[in-house]
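Reproduced below: input_32.cif, with mmCIF, C-alpha atoms.
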```cif
data_coords
loop_
_atom_site.label_atom_id
_atom_site.label_comp_id
_atom_site.auth_asym_id
_atom_site.auth_seq_id
_atom_site.Cartn_x
_atom_site.Cartn_y
_atom_site.Cartn_z
CA MET A 30 0.26 -13.00 123.98
CA ASP A 31 -3.01 -12.42 122.13
CA ASP A 32 -3.29 -9.19 120.20
CA ILE A 33 -5.62 -6.59 121.69
CA GLU A 34 -5.99 -4.62 118.45
CA PRO A 35 -8.96 -5.06 116.13
CA PRO A 36 -7.77 -6.53 112.80
CA PHE A 37 -8.61 -3.45 110.71
CA GLU A 38 -6.31 -4.12 107.76
CA GLU A 39 -6.77 -7.88 107.71
CA THR A 40 -10.57 -7.64 107.72
CA TYR A 41 -10.86 -4.80 105.20
CA PRO A 42 -7.88 -5.24 102.84
CA THR A 43 -9.73 -3.68 99.91
CA LEU A 44 -10.23 -0.40 101.76
CA PHE A 45 -6.65 -0.09 102.91
CA HIS A 46 -4.83 -1.32 99.83
CA ASN A 47 -7.13 -0.42 96.94
CA SER A 48 -6.30 3.06 95.63
CA THR A 49 -9.91 3.70 94.56
CA ALA A 50 -11.11 3.18 98.13
CA ARG A 51 -8.53 5.53 99.63
CA ALA A 52 -9.45 9.10 100.33
CA ASN A 53 -6.42 10.65 98.60
CA ASP A 54 -7.70 13.95 99.93
CA LYS A 55 -5.17 16.19 101.66
CA THR A 56 -8.01 18.31 103.06
CA LEU A 57 -9.42 15.37 105.05
CA PHE A 58 -7.38 16.29 108.14
CA ALA A 59 -7.20 20.03 107.50
CA VAL A 60 -7.75 21.94 110.74
CA ASP A 61 -7.91 25.70 111.08
CA LYS A 62 -6.72 26.01 114.68
CA GLU A 63 -7.05 24.72 118.24
CA CYS A 64 -9.85 26.22 120.31
CA GLU A 65 -10.99 26.30 123.91
CA LEU A 66 -14.72 25.76 124.25
CA PRO A 67 -16.87 28.20 126.26
CA LEU A 68 -16.46 27.31 129.93
CA ILE A 69 -19.50 27.08 132.20
CA ASP A 70 -18.73 27.02 135.90
CA LEU A 71 -21.64 25.32 137.68
CA ALA A 72 -20.44 26.69 141.02
CA ARG A 73 -21.20 30.24 139.87
CA LEU A 74 -24.91 29.44 139.89
CA ASN A 75 -24.82 30.22 143.61
CA PHE A 76 -23.39 33.70 143.06
CA TRP A 77 -24.65 34.92 139.68
CA SER A 78 -28.06 36.03 138.59
CA PHE A 79 -29.83 32.86 137.47
CA ASP A 80 -31.02 34.41 134.19
CA GLN A 81 -27.53 35.76 133.42
CA TRP A 82 -25.99 32.35 134.08
CA ILE A 83 -28.58 30.58 131.91
CA GLU A 84 -28.02 33.11 129.13
CA GLU A 85 -24.29 32.32 129.11
CA MET A 86 -24.99 28.61 128.68
CA ALA A 87 -27.67 29.22 126.05
CA GLU A 88 -25.30 31.44 124.06
CA ALA A 89 -22.70 28.65 123.99
CA ALA A 90 -25.35 26.12 122.91
CA SER A 91 -26.59 28.37 120.10
CA GLN A 92 -23.26 29.71 118.80
CA TRP A 93 -21.03 26.69 119.34
CA GLY A 94 -23.30 23.73 120.02
CA PHE A 95 -20.54 22.73 122.46
CA PHE A 96 -19.38 23.92 125.85
CA GLN A 97 -17.38 22.54 128.76
CA VAL A 98 -18.46 22.45 132.40
CA MET A 99 -16.39 22.60 135.56
CA ASN A 100 -17.45 22.01 139.17
CA HIS A 101 -19.89 19.46 137.77
CA GLY A 102 -20.00 17.31 140.88
CA ILE A 103 -18.20 14.22 139.54
CA PRO A 104 -14.97 13.67 141.50
CA GLN A 105 -11.74 13.43 139.53
CA LYS A 106 -11.01 10.07 141.17
CA VAL A 107 -14.09 8.65 139.42
CA PHE A 108 -12.61 9.61 136.03
CA GLU A 109 -9.20 8.22 136.96
CA SER A 110 -10.70 4.94 138.15
CA MET A 111 -12.94 4.72 135.09
CA ARG A 112 -10.00 5.18 132.72
CA LYS A 113 -8.13 2.37 134.46
CA GLU A 114 -11.17 0.11 134.07
CA GLN A 115 -11.46 1.09 130.42
CA MET A 116 -7.84 0.17 129.83
CA LYS A 117 -8.39 -3.23 131.46
CA ILE A 118 -11.44 -3.83 129.27
CA PHE A 119 -9.94 -2.73 125.96
CA HIS A 120 -6.62 -4.43 126.64
CA GLN A 121 -8.34 -7.79 126.73
CA PRO A 122 -7.51 -9.94 123.68
CA PHE A 123 -9.54 -8.99 120.63
CA ARG A 124 -10.96 -12.51 120.34
CA LYS A 125 -12.32 -12.20 123.90
CA LYS A 126 -13.80 -8.71 123.42
CA SER A 127 -15.61 -9.87 120.30
CA GLU A 128 -17.08 -12.96 121.96
CA GLN A 129 -20.80 -13.05 122.57
CA ASN A 130 -21.70 -12.17 126.18
CA PHE A 131 -18.30 -10.62 126.96
CA MET A 132 -18.84 -8.83 130.29
CA ASN A 133 -22.42 -10.13 130.12
CA LEU A 134 -23.23 -7.70 127.29
CA SER A 135 -25.28 -8.27 124.16
CA ALA A 136 -23.43 -9.32 121.00
CA ASP A 137 -23.81 -5.93 119.27
CA SER A 138 -22.36 -3.91 122.17
CA TYR A 139 -18.77 -4.23 120.95
CA ARG A 140 -18.18 -2.25 117.77
CA TRP A 141 -15.08 -1.56 115.71
CA GLY A 142 -14.34 -0.28 112.22
CA ASN A 143 -17.37 0.01 109.95
CA PRO A 144 -18.61 -3.07 108.06
CA LYS A 145 -20.73 -0.86 105.80
CA ALA A 146 -17.81 1.36 104.70
CA THR A 147 -17.14 1.53 100.97
CA SER A 148 -14.20 3.93 101.35
CA LEU A 149 -11.80 5.00 104.07
CA ARG A 150 -13.81 8.20 104.44
CA GLN A 151 -16.52 6.06 106.06
CA PHE A 152 -14.19 3.90 108.14
CA LEU A 153 -13.64 4.27 111.90
CA TRP A 154 -10.19 3.57 113.34
CA SER A 155 -11.61 2.90 116.79
CA GLU A 156 -13.33 0.36 118.99
CA ALA A 157 -16.17 0.94 121.43
CA PHE A 158 -18.65 -0.61 123.82
CA HIS A 159 -22.12 0.87 123.35
CA ILE A 160 -24.06 0.03 126.50
CA PRO A 161 -27.67 0.81 127.50
CA VAL A 162 -27.53 2.41 130.95
CA ALA A 163 -29.97 -0.24 132.18
CA ASP A 164 -27.34 -2.92 131.41
CA ILE A 165 -24.46 -1.38 133.35
CA SER A 166 -25.49 -3.19 136.53
CA LYS A 167 -25.06 -6.49 134.63
CA LEU A 168 -21.43 -5.87 133.70
CA GLU A 169 -19.14 -8.55 135.03
CA ASP A 170 -16.00 -10.43 134.14
CA GLU A 171 -13.65 -12.63 136.13
CA SER A 172 -10.62 -10.44 135.43
CA ILE A 173 -12.07 -6.92 135.71
CA ASN A 174 -14.60 -5.09 137.83
CA PRO A 175 -16.13 -2.45 135.56
CA ARG A 176 -19.34 -1.77 137.46
CA SER A 177 -18.10 0.50 140.25
CA SER A 178 -16.60 3.55 138.55
CA ILE A 179 -18.49 3.20 135.26
CA GLY A 180 -21.80 2.79 137.06
CA LEU A 181 -21.07 5.76 139.33
CA PHE A 182 -20.20 7.93 136.32
CA ALA A 183 -23.42 6.91 134.55
CA THR A 184 -25.53 7.77 137.62
CA LYS A 185 -23.94 11.16 138.12
CA ALA A 186 -23.96 11.93 134.37
CA ALA A 187 -27.69 11.16 134.24
CA ASN A 188 -28.42 13.67 137.00
CA LEU A 189 -26.14 16.29 135.44
CA ALA A 190 -27.61 15.85 131.95
CA GLU A 191 -31.13 16.34 133.31
CA ARG A 192 -30.08 19.50 135.16
CA LEU A 193 -28.35 20.98 132.10
CA ALA A 194 -31.29 20.13 129.84
CA GLU A 195 -33.69 21.84 132.24
CA TYR A 196 -31.46 24.92 132.42
CA LEU A 197 -31.37 25.16 128.62
CA ALA A 198 -35.13 24.52 128.41
CA HIS A 199 -35.74 27.41 130.82
CA ASN A 200 -34.40 29.83 128.23
CA LEU A 201 -36.91 28.47 125.68
CA ARG A 202 -39.92 28.47 128.00
CA ILE A 203 -40.15 24.68 127.73
CA LYS A 204 -41.71 22.94 130.72
CA SER A 205 -38.90 21.77 132.98
CA SER A 206 -40.79 18.50 133.58
CA TYR A 207 -40.48 17.61 129.87
CA PHE A 208 -37.15 15.87 130.39
CA ARG A 209 -38.10 14.12 133.62
CA ASP A 210 -41.22 12.80 131.89
CA ASN A 211 -39.53 11.67 128.67
CA CYS A 212 -35.90 10.85 129.50
CA LEU A 213 -35.86 7.97 131.95
CA PRO A 214 -32.41 6.72 133.01
CA SER A 215 -33.10 3.42 131.23
CA SER A 216 -33.47 5.17 127.85
CA SER A 217 -29.94 6.62 127.77
CA TYR A 218 -26.66 5.06 126.65
CA LEU A 219 -23.02 4.97 127.64
CA ARG A 220 -20.29 4.54 125.06
CA MET A 221 -16.73 3.70 126.04
CA ASN A 222 -14.27 4.52 123.25
CA ARG A 223 -10.71 3.56 122.50
CA TYR A 224 -8.77 5.03 119.57
CA PRO A 225 -5.67 2.91 118.84
CA PRO A 226 -2.61 4.63 117.36
CA CYS A 227 -3.21 5.12 113.65
CA PRO A 228 -0.48 5.47 110.98
CA PRO A 229 -0.97 8.86 109.24
CA SER A 230 -0.44 7.22 105.85
CA PHE A 231 -3.78 5.43 106.18
CA GLU A 232 -5.73 8.70 105.89
CA VAL A 233 -8.51 7.37 108.12
CA LEU A 234 -10.36 9.04 110.99
CA GLY A 235 -10.98 7.63 114.44
CA LEU A 236 -14.59 8.77 114.21
CA ILE A 237 -16.10 10.17 111.01
CA PRO A 238 -17.96 13.52 110.94
CA HIS A 239 -21.42 13.20 112.50
CA THR A 240 -23.95 14.77 114.80
CA ASP A 241 -25.41 13.05 117.87
CA SER A 242 -28.96 11.66 117.79
CA ASP A 243 -29.91 12.64 121.36
CA PHE A 244 -30.72 15.71 123.44
CA LEU A 245 -27.31 16.18 125.06
CA THR A 246 -24.01 14.30 125.12
CA LEU A 247 -21.69 14.47 128.12
CA LEU A 248 -18.14 13.54 127.18
CA TYR A 249 -15.12 12.77 129.30
CA GLN A 250 -11.88 12.60 127.31
CA ASP A 251 -8.32 12.05 128.42
CA HIS A 252 -5.31 14.30 127.82
CA VAL A 253 -4.44 12.99 124.33
CA GLY A 254 -6.84 15.10 122.31
CA GLY A 255 -8.25 14.48 118.85
CA LEU A 256 -11.81 15.79 119.15
CA GLN A 257 -12.64 18.32 116.43
CA LEU A 258 -15.79 20.30 115.68
CA LYS A 259 -16.99 22.24 112.69
CA LYS A 260 -17.72 25.94 113.20
CA ASP A 261 -18.43 28.44 110.42
CA GLY A 262 -17.37 25.86 107.85
CA ARG A 263 -13.94 25.24 109.45
CA TRP A 264 -12.67 22.32 111.51
CA LEU A 265 -11.32 23.29 114.94
CA SER A 266 -9.39 21.06 117.34
CA VAL A 267 -10.75 21.06 120.88
CA LYS A 268 -8.00 21.57 123.43
CA PRO A 269 -8.11 18.56 125.79
CA ASN A 270 -8.76 19.18 129.47
CA PRO A 271 -9.32 16.08 131.63
CA ASP A 272 -10.60 18.28 134.48
CA VAL A 273 -13.83 19.24 132.71
CA LEU A 274 -16.74 17.54 130.99
CA ILE A 275 -17.60 18.46 127.42
CA VAL A 276 -21.28 18.94 126.63
CA ASN A 277 -22.67 19.05 123.12
CA VAL A 278 -26.17 19.62 121.80
CA GLY A 279 -27.78 16.70 119.95
CA ASP A 280 -30.23 16.62 117.05
CA LEU A 281 -33.26 16.31 119.31
CA PHE A 282 -32.48 19.51 121.22
CA GLN A 283 -31.92 21.36 117.95
CA ALA A 284 -35.38 20.26 116.83
CA LEU A 285 -37.01 20.94 120.21
CA SER A 286 -35.46 24.42 120.34
CA ASN A 287 -36.64 25.14 116.77
CA GLY A 288 -33.07 25.58 115.61
CA VAL A 289 -31.98 27.91 118.42
CA TYR A 290 -29.49 25.40 119.82
CA LYS A 291 -27.17 23.79 117.29
CA SER A 292 -26.29 20.13 116.86
CA VAL A 293 -22.81 20.56 115.44
CA GLU A 294 -20.84 18.16 113.27
CA HIS A 295 -17.78 16.72 115.01
CA ARG A 296 -15.18 14.00 114.49
CA VAL A 297 -12.12 12.40 116.10
CA VAL A 298 -8.61 12.17 114.64
CA SER A 299 -6.61 9.29 116.12
CA HIS A 300 -3.10 9.98 117.37
CA PRO A 301 -0.30 8.36 115.35
CA LYS A 302 1.63 7.08 118.39
CA VAL A 303 -0.57 6.82 121.49
CA GLU A 304 -4.03 5.46 122.26
CA ARG A 305 -6.87 7.76 123.28
CA TYR A 306 -9.79 7.05 125.62
CA SER A 307 -13.13 8.74 126.12
CA VAL A 308 -16.54 7.99 127.63
CA ALA A 309 -19.74 9.51 126.27
CA TYR A 310 -23.12 9.61 128.01
CA PHE A 311 -25.98 10.02 125.52
CA TYR A 312 -29.03 11.64 127.13
CA CYS A 313 -31.92 10.12 125.18
CA PRO A 314 -35.71 9.95 125.56
CA SER A 315 -37.87 6.85 125.37
CA TYR A 316 -38.75 5.71 121.85
CA GLU A 317 -42.33 6.95 122.33
CA ALA A 318 -41.26 10.50 123.27
CA VAL A 319 -42.50 13.19 120.89
CA ILE A 320 -40.20 16.02 119.82
CA GLU A 321 -42.08 19.15 118.80
CA SER A 322 -40.38 22.45 117.93
CA THR A 323 -41.10 25.41 120.20
CA GLU A 324 -42.55 27.97 117.80
CA ASN A 325 -43.54 31.58 118.37
CA ILE A 326 -44.89 34.54 116.40
CA ILE A 327 -41.41 35.55 115.24
CA LYS A 328 -40.29 32.06 114.20
CA PRO A 329 -42.79 29.37 113.17
CA ALA A 330 -41.80 25.74 113.60
CA ILE A 331 -39.15 24.61 111.12
CA TYR A 332 -39.36 20.90 111.94
CA ARG A 333 -42.42 18.69 111.89
CA LYS A 334 -43.40 16.78 115.00
CA PHE A 335 -41.83 13.32 115.26
CA SER A 336 -41.15 10.56 117.78
CA PHE A 337 -37.70 9.38 118.77
CA ARG A 338 -38.57 5.94 117.36
CA GLU A 339 -39.40 7.51 113.98
CA TYR A 340 -36.14 9.46 114.00
CA LYS A 341 -34.00 6.41 114.77
CA GLN A 342 -35.78 4.36 112.10
CA GLN A 343 -35.19 7.08 109.51
CA ILE A 344 -31.48 7.18 110.36
CA GLN A 345 -31.20 3.40 109.99
CA GLU A 346 -32.95 3.52 106.61
CA ASP A 347 -30.66 6.30 105.37
CA VAL A 348 -27.50 4.52 106.53
CA ARG A 349 -28.59 1.32 104.80
CA ALA A 350 -29.42 3.19 101.59
CA THR A 351 -26.54 5.69 101.40
CA GLY A 352 -23.99 4.72 104.05
CA ASN A 353 -24.57 8.08 105.77
CA LYS A 354 -26.91 9.61 108.30
CA VAL A 355 -29.09 12.35 106.79
CA GLY A 356 -30.55 13.57 110.08
CA LEU A 357 -32.87 16.49 110.78
CA SER A 358 -33.13 17.68 107.18
CA ARG A 359 -35.57 14.77 106.69
CA PHE A 360 -37.96 16.42 109.12
CA LEU A 361 -38.00 20.01 107.84
CA LEU A 362 -41.42 21.53 107.17
#
```

Representation of the structure as structure tokens:
Amino acid sequence: MDDIEPPFEETYPTLFHNSTARANDKTLFAVDKECELPLIDLARLNFWSFDQWIEEMAEAASQWGFFQVMNHGIPQKVFESMRKEQMKIFHQPFRKKSEQNFMNLSADSYRWGNPKATSLRQFLWSEAFHIPVADISKLEDESINPRSSIGLFATKAANLAERLAEYLAHNLRIKSSYFRDNCLPSSSYLRMNRYPPCPPSFEVLGLIPHTDSDFLTLLYQDHVGGLQLKKDGRWLSVKPNPDVLIVNVGDLFQALSNGVYKSVEHRVVSHPKVERYSVAYFYCPSYEAVIESTENIIKPAIYRKFSFREYKQQIQEDVRATGNKVGLSRFLL
């Protein structure tokens, strides 16, 4: 039987067996404690004062940069079906997953490890399919049927992301039509992730610390856990709950809100014995969309105006030059 696992060690022997490339840092996985994210119940919108409900969400976005939502309108059976489809996809032989046009996707959709890594601190013990939402309808393979549940999740996530963005914009006095005008469904992305079991001795993360380069990310994760976020300088483990969706603020919303909402650094630690699955929906604008901070008398704009295309190009340049994303600090006034 063909191996499903990406050949991490075989492809990057220098990183895994050269002592200078190893992290040798016992603080790499240091975590302060497990936390439960602020919980936003979308059903309460029918019973609470609208402004009070919005304020609760805005407080989570500004203090945590993360929150979880329940009663979000996506049936649990969609998540269950999607996870089964993910398992079918990722359990295909590695040689098949890495073939061009697998599932009718472009060659760069399947990603694993990090070819640019110069140390294990930059390496990703994970594999993923990064798919433009516009391409989901093209997904096909003779042995799996990924379009039904994955496509349904993408459609419902798109509607939910727009609603949440408009709610958060309301608190900033941003025109609610801003997101409808700039964030077309075709400009967003879906990322299916699998984190294979990882031996603790490797001292490597499933996903290295980063912030998201979008407005909002909607994340469904299974029961395994591993997601961690940085708050007040400390890493906290997010308690897994497959019954909710996790929402986190991206760089673009931090800039648009003039720093009111926080795009928070987060990472994933792979489990040593079991695989972990997640699906992320990245709510993005078109490349031509302009992000301009909402300033007022009390707080002038802290970021200069920029387009999404300019932001993505700057990230690519920084990664090529340094191996790391620099992010919003490039756009400070």

* To do: For stretch 187-189 of chain A, list every protein, DNA or RNA residue within 10 Å, evaluated using only C-alpha atoms, and leave out those in the same chain fewer than 5 positions away; present the list as a PyMOL selection string.
  => chain A and resi 101-103+162+181-182+194-195+212-215+217-218+247+310-312

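Nearest residue to A:Glu88, choosing from A:Ser206, A:Ser242, A:Asn200, A:Gln283 and counting only C-alpha atoms: A:Asn200.
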
* Asked: Between atom CA of A:Asp70 and atom CA of A:Phe244, what is the spacing in Å?
  -> 20.7 Å

* Written as a list in words, which residues does the PyMOL selection byres ((chain A and resi 136-138) around 8) give for the file shown? -> Ser127, Glu128, Gln129, Asn130, Phe131, Leu134, Ser135, Tyr139, Arg140, Ala157, Phe158, His159 and Ile160 of chain A

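Taking only C-alpha atoms into account, A:Phe45 lies nearest to A:Pro228 out of the set A:Glu156, A:Met86, A:Glu114, A:Pro228.
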
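Atom pair atom CA of A:Ala198 / atom CA of A:Leu248 has a distance of 20.3 Å (rounded to one decimal).
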
* To do: Any chance you could resolve the PyMOL selection byres ((chain A and resi 251) around 8) against this file and give the residues as JSON, numbers by chain?
  => {"A": [249, 250, 252, 253, 254, 269, 270, 271, 305, 306, 307]}

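Using the PyMOL selection byres ((chain A and resi 294-297) around 8) on this structure selects A:Leu234, A:Gly235, A:Leu236, A:Ile237, A:Pro238, A:His239, A:Thr240, A:Gly255, A:Leu256, A:Gln257, A:Leu258, A:Lys259, A:Ser292, A:Val293, A:Val298, A:Ser299.
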
* Asked: Counting only C-alpha atoms, what is within 7 Å of A:Ile83, bar same-chain residues fewer than 2 positions away, as a PyMOL selection string?
  -> chain A and resi 79-81+85-87+196-197+200
